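Asker: Please see the structure below; I have some questions.
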Amino acid sequence: MRLLVVLWVALLLAGCARAPAAVTFHADENPESLADWGLFDVKDGRIAPRAGLVSYELAAPLFSDYAQKWRAVFVPKGMSATYDPAKTFDFPVGTIIAKTFYYTTPAGVAPGTSARVLKATPASYQSGVTGLDLGQTRLIETRLLVRRANGWEALPYVWNAEQTEATLQRTGAEIALDFDDGGGATHFTYTVPNVNQCAGCHATDRTKKLFPIGLKARHLNRDFPGVGGEINQLTRLTQIGYLTGAPAANAAPRDARFDDLRASIDARARAYLDVNCAHCHSATGPARVSGLWLDSPTIDLRKLGTCKPPIAAGRGTGDRRYGIVPGHPESSILAYRLETNDPGAMMPETGRSLVHKEGVALIKAWIAGLKGGCDTPSS
């Protein structure tokens with residue numbers, strides 16, 4: 001009997017250790033269960049953030065097969081990130097960034113059981129500030145970026161069908177889904193990257209170290225609900241002590257929202273290219289040798305691809321001669337690579353199986369409105 005009691009106590013303690021009551025940073029180990037980080041409460045049909053996990057949104061989110069994303073950041077008490085006007089903020093050791101990918105599912109379907117997922121609408125949008133209602137939500141994965149003493153590390157966790165637990169999948173995963181945009185369903189394979197593939201986007205400079213992509217001034221400089229109400233995110237992060245050194249919002253860089261029709265088409269297109277392409281295509285990114293730099297601070301038309309022949313695009317040119325031919329999206333490599341699903345030609349190279357129709361339409365309209373010309377308007 002005494003042995004049974006001892007075993008019961010041991011199991012109880014193990015269970016408590018597996019599910020900490022608060023956000024818990026792991027300096028060295030990589031827990032197999034997402035629950036060990038203590039980021040969320042999953043109960044009563046909801047997933048909710050723990051105290052200290054602050055939701056945020058980007059001006060123009062990166063496209064990932066139409067998945068919705070709940071972004072949140074935790075910074076250890078008494079510590080803060082240092083503002084930078086151009087680069088990723090310098091976050092302290094102990095910071096955890098969590099990005100949960102999910103889809104809306106049809107009504108009346110048990111959570112986690114439907115392969116059919118729906119295109120997000122304003123009615124299905126969830127900010128994540130108070131968590132997500134799982135009633136019509138299919139959780140896919142939660143990617144963590146954790147700031148350790150030796151730098152940032154990426155850890156992909158995949159949710160089970162019951163949406164009760166996510167486990168570490170170092171080798172990634174492939175999930176068959178049917179995406180319904182209202183015009184019929186398209187079968188595709190959603191790919192969770194392995195830990196090495198994360199560097200394809202997050203190794204954004206020559207050191208090959210990982211860095212966050214979205215936590216930059218120009219991506220965060222927008223209003224969003226949360227602590228303090230719906231206020232500017234740079235202001236919120238400063239007020240709660242997560243950020244120091246930030247200027248007033250009107251003095252900080254700002255990318256447009258790509259779908260905000262009040263902004264100019266140039267501002268919208270440049271913001272779209274910035275968040276979807278510039279982590280590689282910049283002066284310091286992995287694709288810097290291409291000479292094609294698509295971050296929003298770049299203003300040199302040649303570096304943006306205007307009348308610029310490719311350096312080593314191979315069949316990725318689609319038999320087109322220049323990155324951008326002003327007035328002619330049909331002759332521009334940039335538009336072709338965003339629109340194709342050919343694995344050897346599409347851009348981005350990873351992170352999507354579907355074509356972002358709205359994004360392609362925006363870039364084509366932007367190119368169509370550009371003035372000037374190259375030596376020939378076509379290939």
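Chains: A, B, ... in order of the structure tokens. Residues: from 1 per chain. Ligands: from 1, in order shown.
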List the neighbours of stretch 353-359 of chain A out to 10 Å using only C-alpha atoms; skip same-chain residues closer than 5 positions along the sequence, and give me the result as a PDB file with N, CA, C and O atoms, in the first residue's frame.

Answerer:
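around18.pdb, freshly written:
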```
ATOM      1  N   PHE A  63       2.549  35.354 -45.887  1.00  0.00           N
ATOM      2  CA  PHE A  63       1.575  34.385 -46.376  1.00  0.00           C
ATOM      3  C   PHE A  63       2.056  32.966 -46.118  1.00  0.00           C
ATOM      4  O   PHE A  63       3.188  32.604 -46.436  1.00  0.00           O
ATOM      5  N   SER A  64       1.182  32.137 -45.547  1.00  0.00           N
ATOM      6  CA  SER A  64       1.504  30.729 -45.288  1.00  0.00           C
ATOM      7  C   SER A  64       0.279  29.878 -45.597  1.00  0.00           C
ATOM      8  O   SER A  64      -0.428  29.418 -44.697  1.00  0.00           O
ATOM      9  N   ASP A  65       0.013  29.705 -46.877  1.00  0.00           N
ATOM     10  CA  ASP A  65      -1.104  28.869 -47.320  1.00  0.00           C
ATOM     11  C   ASP A  65      -2.433  29.262 -46.677  1.00  0.00           C
ATOM     12  O   ASP A  65      -3.242  28.396 -46.304  1.00  0.00           O
ATOM     13  N   TYR A  66      -2.656  30.547 -46.537  1.00  0.00           N
ATOM     14  CA  TYR A  66      -3.889  31.099 -45.995  1.00  0.00           C
ATOM     15  C   TYR A  66      -4.127  30.730 -44.532  1.00  0.00           C
ATOM     16  O   TYR A  66      -5.229  30.951 -44.008  1.00  0.00           O
ATOM     17  N   PHE A 179      -8.493  23.184 -48.859  1.00  0.00           N
ATOM     18  CA  PHE A 179      -8.743  24.598 -48.616  1.00  0.00           C
ATOM     19  C   PHE A 179      -9.917  25.075 -49.461  1.00  0.00           C
ATOM     20  O   PHE A 179      -9.919  24.938 -50.691  1.00  0.00           O
ATOM     21  N   THR A 186      -9.575  23.079 -52.679  1.00  0.00           N
ATOM     22  CA  THR A 186      -8.314  22.706 -53.307  1.00  0.00           C
ATOM     23  C   THR A 186      -7.524  21.835 -52.336  1.00  0.00           C
ATOM     24  O   THR A 186      -7.240  22.258 -51.210  1.00  0.00           O
ATOM     25  N   HIS A 187      -7.180  20.635 -52.761  1.00  0.00           N
ATOM     26  CA  HIS A 187      -6.400  19.743 -51.903  1.00  0.00           C
ATOM     27  C   HIS A 187      -4.943  20.181 -51.924  1.00  0.00           C
ATOM     28  O   HIS A 187      -4.383  20.467 -52.983  1.00  0.00           O
ATOM     29  N   PHE A 188      -4.328  20.258 -50.752  1.00  0.00           N
ATOM     30  CA  PHE A 188      -2.912  20.615 -50.682  1.00  0.00           C
ATOM     31  C   PHE A 188      -2.290  19.991 -49.445  1.00  0.00           C
ATOM     32  O   PHE A 188      -2.987  19.489 -48.560  1.00  0.00           O
ATOM     33  N   THR A 189      -0.981  20.026 -49.402  1.00  0.00           N
ATOM     34  CA  THR A 189      -0.251  19.505 -48.254  1.00  0.00           C
ATOM     35  C   THR A 189       0.378  20.657 -47.496  1.00  0.00           C
ATOM     36  O   THR A 189       1.229  21.383 -48.042  1.00  0.00           O
ATOM     37  N   TYR A 190      -0.076  20.852 -46.272  1.00  0.00           N
ATOM     38  CA  TYR A 190       0.520  21.865 -45.397  1.00  0.00           C
ATOM     39  C   TYR A 190       1.812  21.272 -44.816  1.00  0.00           C
ATOM     40  O   TYR A 190       1.811  20.178 -44.259  1.00  0.00           O
ATOM     41  N   THR A 191       2.918  22.012 -44.948  1.00  0.00           N
ATOM     42  CA  THR A 191       4.217  21.514 -44.503  1.00  0.00           C
ATOM     43  C   THR A 191       4.697  22.263 -43.272  1.00  0.00           C
ATOM     44  O   THR A 191       4.831  23.496 -43.299  1.00  0.00           O
ATOM     45  N   PHE A 258      -1.049  45.520 -46.475  1.00  0.00           N
ATOM     46  CA  PHE A 258      -1.118  45.257 -47.914  1.00  0.00           C
ATOM     47  C   PHE A 258      -2.546  45.292 -48.449  1.00  0.00           C
ATOM     48  O   PHE A 258      -2.766  45.535 -49.639  1.00  0.00           O
ATOM     49  N   ASP A 259      -3.537  45.063 -47.580  1.00  0.00           N
ATOM     50  CA  ASP A 259      -4.926  45.055 -48.026  1.00  0.00           C
ATOM     51  C   ASP A 259      -5.674  46.328 -47.659  1.00  0.00           C
ATOM     52  O   ASP A 259      -6.902  46.386 -47.783  1.00  0.00           O
ATOM     53  N   ARG A 268       1.606  49.563 -50.343  1.00  0.00           N
ATOM     54  CA  ARG A 268       1.056  48.237 -50.061  1.00  0.00           C
ATOM     55  C   ARG A 268       1.909  47.138 -50.672  1.00  0.00           C
ATOM     56  O   ARG A 268       2.209  46.126 -50.027  1.00  0.00           O
ATOM     57  N   ALA A 269       2.321  47.331 -51.915  1.00  0.00           N
ATOM     58  CA  ALA A 269       3.142  46.323 -52.591  1.00  0.00           C
ATOM     59  C   ALA A 269       4.509  46.191 -51.933  1.00  0.00           C
ATOM     60  O   ALA A 269       5.015  45.078 -51.733  1.00  0.00           O
ATOM     61  N   TYR A 272       4.204  44.268 -48.757  1.00  0.00           N
ATOM     62  CA  TYR A 272       4.001  42.847 -49.027  1.00  0.00           C
ATOM     63  C   TYR A 272       5.316  42.163 -49.365  1.00  0.00           C
ATOM     64  O   TYR A 272       5.635  41.080 -48.842  1.00  0.00           O
ATOM     65  N   LEU A 273       6.100  42.760 -50.230  1.00  0.00           N
ATOM     66  CA  LEU A 273       7.393  42.193 -50.600  1.00  0.00           C
ATOM     67  C   LEU A 273       8.351  42.190 -49.425  1.00  0.00           C
ATOM     68  O   LEU A 273       9.151  41.259 -49.250  1.00  0.00           O
ATOM     69  N   ASN A 276       7.295  39.234 -47.041  1.00  0.00           N
ATOM     70  CA  ASN A 276       7.301  37.912 -47.658  1.00  0.00           C
ATOM     71  C   ASN A 276       8.628  37.529 -48.295  1.00  0.00           C
ATOM     72  O   ASN A 276       8.896  36.343 -48.474  1.00  0.00           O
ATOM     73  N   ALA A 335       6.565  38.672 -60.730  1.00  0.00           N
ATOM     74  CA  ALA A 335       5.159  38.248 -60.728  1.00  0.00           C
ATOM     75  C   ALA A 335       5.043  36.762 -61.038  1.00  0.00           C
ATOM     76  O   ALA A 335       4.237  36.047 -60.422  1.00  0.00           O
ATOM     77  N   LEU A 338       5.936  34.507 -57.972  1.00  0.00           N
ATOM     78  CA  LEU A 338       4.912  34.527 -56.937  1.00  0.00           C
ATOM     79  C   LEU A 338       3.671  33.749 -57.354  1.00  0.00           C
ATOM     80  O   LEU A 338       2.957  33.194 -56.517  1.00  0.00           O
ATOM     81  N   GLU A 339       3.431  33.676 -58.666  1.00  0.00           N
ATOM     82  CA  GLU A 339       2.194  33.075 -59.163  1.00  0.00           C
ATOM     83  C   GLU A 339       2.332  31.584 -59.458  1.00  0.00           C
ATOM     84  O   GLU A 339       1.351  30.841 -59.393  1.00  0.00           O
ATOM     85  N   THR A 340       3.551  31.114 -59.747  1.00  0.00           N
ATOM     86  CA  THR A 340       3.711  29.713 -60.107  1.00  0.00           C
ATOM     87  C   THR A 340       3.745  28.820 -58.870  1.00  0.00           C
ATOM     88  O   THR A 340       4.119  29.255 -57.782  1.00  0.00           O
ATOM     89  N   ASN A 341       3.357  27.562 -59.084  1.00  0.00           N
ATOM     90  CA  ASN A 341       3.466  26.546 -58.040  1.00  0.00           C
ATOM     91  C   ASN A 341       4.533  25.516 -58.383  1.00  0.00           C
ATOM     92  O   ASN A 341       4.642  24.486 -57.714  1.00  0.00           O
ATOM     93  N   ASP A 342       5.309  25.793 -59.414  1.00  0.00           N
ATOM     94  CA  ASP A 342       6.411  24.918 -59.804  1.00  0.00           C
ATOM     95  C   ASP A 342       7.462  24.947 -58.697  1.00  0.00           C
ATOM     96  O   ASP A 342       8.013  26.008 -58.399  1.00  0.00           O
ATOM     97  N   PRO A 343       7.746  23.800 -58.052  1.00  0.00           N
ATOM     98  CA  PRO A 343       8.698  23.789 -56.936  1.00  0.00           C
ATOM     99  C   PRO A 343      10.076  24.342 -57.287  1.00  0.00           C
ATOM    100  O   PRO A 343      10.787  24.851 -56.415  1.00  0.00           O
ATOM    101  N   MET A 346       8.969  28.615 -57.887  1.00  0.00           N
ATOM    102  CA  MET A 346       8.119  29.463 -57.055  1.00  0.00           C
ATOM    103  C   MET A 346       8.911  30.174 -55.961  1.00  0.00           C
ATOM    104  O   MET A 346       9.958  29.724 -55.508  1.00  0.00           O
ATOM    105  N   MET A 347       8.395  31.309 -55.580  1.00  0.00           N
ATOM    106  CA  MET A 347       8.905  32.076 -54.459  1.00  0.00           C
ATOM    107  C   MET A 347       7.743  32.458 -53.564  1.00  0.00           C
ATOM    108  O   MET A 347       6.673  32.800 -54.066  1.00  0.00           O
ATOM    109  N   PRO A 348       7.947  32.427 -52.250  1.00  0.00           N
ATOM    110  CA  PRO A 348       9.104  31.866 -51.563  1.00  0.00           C
ATOM    111  C   PRO A 348       9.272  30.377 -51.863  1.00  0.00           C
ATOM    112  O   PRO A 348       8.309  29.698 -52.236  1.00  0.00           O
ATOM    113  N   LYS A 364       0.957  42.397 -59.314  1.00  0.00           N
ATOM    114  CA  LYS A 364       0.717  42.619 -60.738  1.00  0.00           C
ATOM    115  C   LYS A 364       0.175  44.031 -60.998  1.00  0.00           C
ATOM    116  O   LYS A 364       0.597  44.706 -61.948  1.00  0.00           O
ATOM    117  N   ALA A 365      -0.747  44.461 -60.157  1.00  0.00           N
ATOM    118  CA  ALA A 365      -1.316  45.804 -60.334  1.00  0.00           C
ATOM    119  C   ALA A 365      -0.251  46.865 -60.112  1.00  0.00           C
ATOM    120  O   ALA A 365      -0.221  47.892 -60.803  1.00  0.00           O
TER     121      ALA A 365
END
```

Asker: Which residues are near A:Pro326? Cut-off 12 Å, only C-alpha atoms, ignore same chain within fewer than 5 positions. Put them as an mmCIF file with C-alpha atoms, in the first residue's frame.

Answerer:
```
data_model
loop_
_atom_site.group_PDB
_atom_site.id
_atom_site.type_symbol
_atom_site.label_atom_id
_atom_site.label_comp_id
_atom_site.auth_asym_id
_atom_site.auth_seq_id
_atom_site.Cartn_x
_atom_site.Cartn_y
_atom_site.Cartn_z
ATOM 1 C CA LEU A 301 14.857 50.632 -58.732
ATOM 2 C CA ARG A 302 17.525 48.346 -60.141
ATOM 3 C CA LEU A 304 14.121 46.158 -56.716
ATOM 4 C CA GLY A 305 14.365 44.294 -60.015
ATOM 5 C CA THR A 306 13.377 46.997 -62.496
ATOM 6 C CA CYS A 307 14.939 46.092 -65.862
ATOM 7 C CA LYS A 308 17.344 43.850 -63.945
ATOM 8 C CA SER A 331 6.807 39.841 -68.622
ATOM 9 C CA SER A 332 8.162 40.242 -65.074
ATOM 10 C CA ILE A 333 9.998 37.424 -63.296
ATOM 11 C CA LEU A 334 8.845 38.716 -59.909
ATOM 12 C CA ALA A 335 5.159 38.248 -60.728
ATOM 13 C CA ILE A 363 2.024 42.873 -57.186
ATOM 14 C CA LYS A 364 0.717 42.619 -60.738
ATOM 15 C CA ALA A 365 -1.316 45.804 -60.334
ATOM 16 C CA TRP A 366 1.717 47.572 -58.860
ATOM 17 C CA ILE A 367 3.964 46.526 -61.764
ATOM 18 C CA ALA A 368 1.264 47.447 -64.281
ATOM 19 C CA GLY A 369 1.206 50.983 -62.873
ATOM 20 C CA LEU A 370 4.976 51.528 -62.949
ATOM 21 C CA LYS A 371 6.239 53.981 -65.553
ATOM 22 C CA GLY A 372 9.235 53.556 -67.821
ATOM 23 C CA GLY A 373 10.465 50.644 -69.874
ATOM 24 C CA CYS A 374 13.269 48.223 -70.563
ATOM 25 C CA ASP A 375 14.773 47.469 -73.969
ATOM 26 C CA THR A 376 11.773 45.283 -74.732
ATOM 27 C CA PRO A 377 8.376 44.951 -73.054
ATOM 28 C CA SER A 378 8.293 41.183 -73.440
#
```

Asker: Using DSSP on the backbone, list every residue of stretch 31-264 of chain A that comes out as strand (DSSP E or B), and give them as an MDAnalysis selection string.

Answerer: chainID A and resid 33 40:43 46:49 54:56 68:74 81:82 90 96:104 116:118 128 131:133 137:148 151:159 166:168 173:180 185:192 223:224 231:232 243:244

Asker: What are the nearest atom pairs, with distances in Å to one decimal, for all residues of stretch 17-83 of chain A that come at most 8 Å from stretch 237-251 of chain A, using only C-alpha atoms, set out by chain and rising residue number as a Markdown table?

Answerer:
```
| residue | atom | partner | partner_atom | distance |
| --- | --- | --- | --- | --- |
| A:Val75 | CA | A:Tyr242 | CA | 6.3 |
| A:Gly78 | CA | A:Gly241 | CA | 7.6 |
| A:Met79 | CA | A:Tyr242 | CA | 6.9 |
| A:Ser80 | CA | A:Tyr242 | CA | 4.4 |
| A:Ala81 | CA | A:Leu243 | CA | 4.7 |
| A:Thr82 | CA | A:Thr244 | CA | 5.2 |
| A:Tyr83 | CA | A:Gly245 | CA | 5.2 |
```

Asker: For the selection just defined, write its residues with N, CA and C atoms to a file, as an mmCIF file, in the first residue's frame.

Answerer:
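Result file is part22.cif:
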```cif
data_model
loop_
_atom_site.group_PDB
_atom_site.id
_atom_site.type_symbol
_atom_site.label_atom_id
_atom_site.label_comp_id
_atom_site.auth_asym_id
_atom_site.auth_seq_id
_atom_site.Cartn_x
_atom_site.Cartn_y
_atom_site.Cartn_z
ATOM 1 N N VAL A 75 8.466 38.171 -22.413
ATOM 2 C CA VAL A 75 9.769 38.687 -21.997
ATOM 3 C C VAL A 75 9.870 38.530 -20.485
ATOM 4 N N GLY A 78 11.223 42.182 -15.492
ATOM 5 C CA GLY A 78 12.351 43.050 -15.196
ATOM 6 C C GLY A 78 13.328 43.219 -16.340
ATOM 7 N N MET A 79 13.035 42.600 -17.488
ATOM 8 C CA MET A 79 13.917 42.701 -18.637
ATOM 9 C C MET A 79 13.148 43.283 -19.807
ATOM 10 N N SER A 80 13.856 43.727 -20.840
ATOM 11 C CA SER A 80 13.182 44.334 -21.982
ATOM 12 C C SER A 80 14.041 44.226 -23.226
ATOM 13 N N ALA A 81 13.398 44.390 -24.365
ATOM 14 C CA ALA A 81 14.093 44.441 -25.646
ATOM 15 C C ALA A 81 14.562 45.868 -25.906
ATOM 16 N N THR A 82 15.586 46.010 -26.733
ATOM 17 C CA THR A 82 16.104 47.323 -27.097
ATOM 18 C C THR A 82 15.654 47.671 -28.507
ATOM 19 N N TYR A 83 15.065 48.839 -28.657
ATOM 20 C CA TYR A 83 14.520 49.294 -29.938
ATOM 21 C C TYR A 83 15.620 49.507 -30.968
#
```

Asker: Could you write out, as an mmCIF file with N, CA, C and O atoms, in the first residue's frame, all the residues of stretch 227-267 of chain A that DSSP marks as helix (DSSP H, G or I)?

Answerer:
```cif
data_model
loop_
_atom_site.group_PDB
_atom_site.id
_atom_site.type_symbol
_atom_site.label_atom_id
_atom_site.label_comp_id
_atom_site.auth_asym_id
_atom_site.auth_seq_id
_atom_site.Cartn_x
_atom_site.Cartn_y
_atom_site.Cartn_z
ATOM 1 N N GLN A 233 1.173 49.332 -31.065
ATOM 2 C CA GLN A 233 1.883 48.207 -30.449
ATOM 3 C C GLN A 233 3.235 48.611 -29.875
ATOM 4 O O GLN A 233 3.667 48.069 -28.848
ATOM 5 N N LEU A 234 3.940 49.549 -30.510
ATOM 6 C CA LEU A 234 5.205 50.019 -29.953
ATOM 7 C C LEU A 234 4.950 50.708 -28.616
ATOM 8 O O LEU A 234 5.721 50.554 -27.659
ATOM 9 N N THR A 235 3.846 51.461 -28.551
ATOM 10 C CA THR A 235 3.469 52.119 -27.300
ATOM 11 C C THR A 235 3.145 51.090 -26.231
ATOM 12 O O THR A 235 3.576 51.213 -25.075
ATOM 13 N N ARG A 236 2.374 50.055 -26.603
ATOM 14 C CA ARG A 236 2.011 49.021 -25.632
ATOM 15 C C ARG A 236 3.253 48.309 -25.096
ATOM 16 O O ARG A 236 3.396 48.127 -23.883
ATOM 17 N N LEU A 237 4.131 47.880 -25.982
ATOM 18 C CA LEU A 237 5.326 47.154 -25.534
ATOM 19 C C LEU A 237 6.182 48.019 -24.624
ATOM 20 O O LEU A 237 6.806 47.524 -23.673
ATOM 21 N N THR A 238 6.209 49.312 -24.897
ATOM 22 C CA THR A 238 6.957 50.232 -24.029
ATOM 23 C C THR A 238 6.285 50.368 -22.674
ATOM 24 O O THR A 238 6.937 50.313 -21.625
ATOM 25 N N GLN A 239 4.956 50.519 -22.674
ATOM 26 C CA GLN A 239 4.218 50.717 -21.424
ATOM 27 C C GLN A 239 4.321 49.521 -20.489
ATOM 28 O O GLN A 239 4.389 49.696 -19.266
ATOM 29 N N ALA A 249 5.200 56.797 -31.908
ATOM 30 C CA ALA A 249 4.828 55.982 -33.061
ATOM 31 C C ALA A 249 4.962 56.743 -34.374
ATOM 32 O O ALA A 249 5.367 56.176 -35.398
ATOM 33 N N ASN A 250 4.643 58.046 -34.358
ATOM 34 C CA ASN A 250 4.703 58.814 -35.610
ATOM 35 C C ASN A 250 6.125 59.122 -36.044
ATOM 36 O O ASN A 250 6.349 59.657 -37.132
ATOM 37 N N ALA A 251 7.102 58.784 -35.198
ATOM 38 C CA ALA A 251 8.509 58.985 -35.553
ATOM 39 C C ALA A 251 9.201 57.674 -35.910
ATOM 40 O O ALA A 251 10.402 57.668 -36.213
ATOM 41 N N ILE A 265 -0.846 52.120 -53.662
ATOM 42 C CA ILE A 265 -0.519 50.771 -54.123
ATOM 43 C C ILE A 265 0.978 50.514 -53.992
ATOM 44 O O ILE A 265 1.412 49.384 -53.745
ATOM 45 N N ASP A 266 1.786 51.551 -54.127
ATOM 46 C CA ASP A 266 3.229 51.395 -53.953
ATOM 47 C C ASP A 266 3.556 50.994 -52.522
ATOM 48 O O ASP A 266 4.332 50.053 -52.290
ATOM 49 N N ALA A 267 2.962 51.675 -51.550
ATOM 50 C CA ALA A 267 3.221 51.364 -50.142
ATOM 51 C C ALA A 267 2.741 49.956 -49.806
ATOM 52 O O ALA A 267 3.408 49.218 -49.072
#
```

Asker: Go through A:Ala67, A:Val227, A:Ile324, A:Ala252 and flag the residue nearest A:Asp181, using only C-alpha atoms for the distances.

Answerer: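 Looking at the shortest contact to A:Asp181, the residue is A:Ala67.
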
Asker: Do you know which residues are at most 10 Å from A:Gly291 counting only C-alpha atoms, after dropping those on the same chain fewer than 2 positions away, and could you put them as a list in words?

Answerer: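 Skipping anything fewer than 2 positions along the chain leaves His281, Ser282, Ala283, Ala287, Arg288, Val289, Trp293, Leu294, Arg302, Lys303, Leu304, Gly305, Lys308, Pro309, Pro310 and Ile311 of chain A.
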
Asker: Take atom CA of A:Glu330 and atom CA of A:Leu362 and report the distance between them in Å, one decimal.

Answerer: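 Going from atom CA of A:Glu330 over to atom CA of A:Leu362 covers 13.4 Å.
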
Asker: Just how far from atom CA of A:Ala98 is atom CA of A:Leu145, in Å to one decimal?

Answerer: 6.7 Å

Asker: For A:Glu57, which residue among A:Ala161, A:Ile299, A:Leu215, A:Ala278 is the nearest when counting only C-alpha atoms?

Answerer: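 Distance minimum relative to A:Glu57 lands on A:Leu215.
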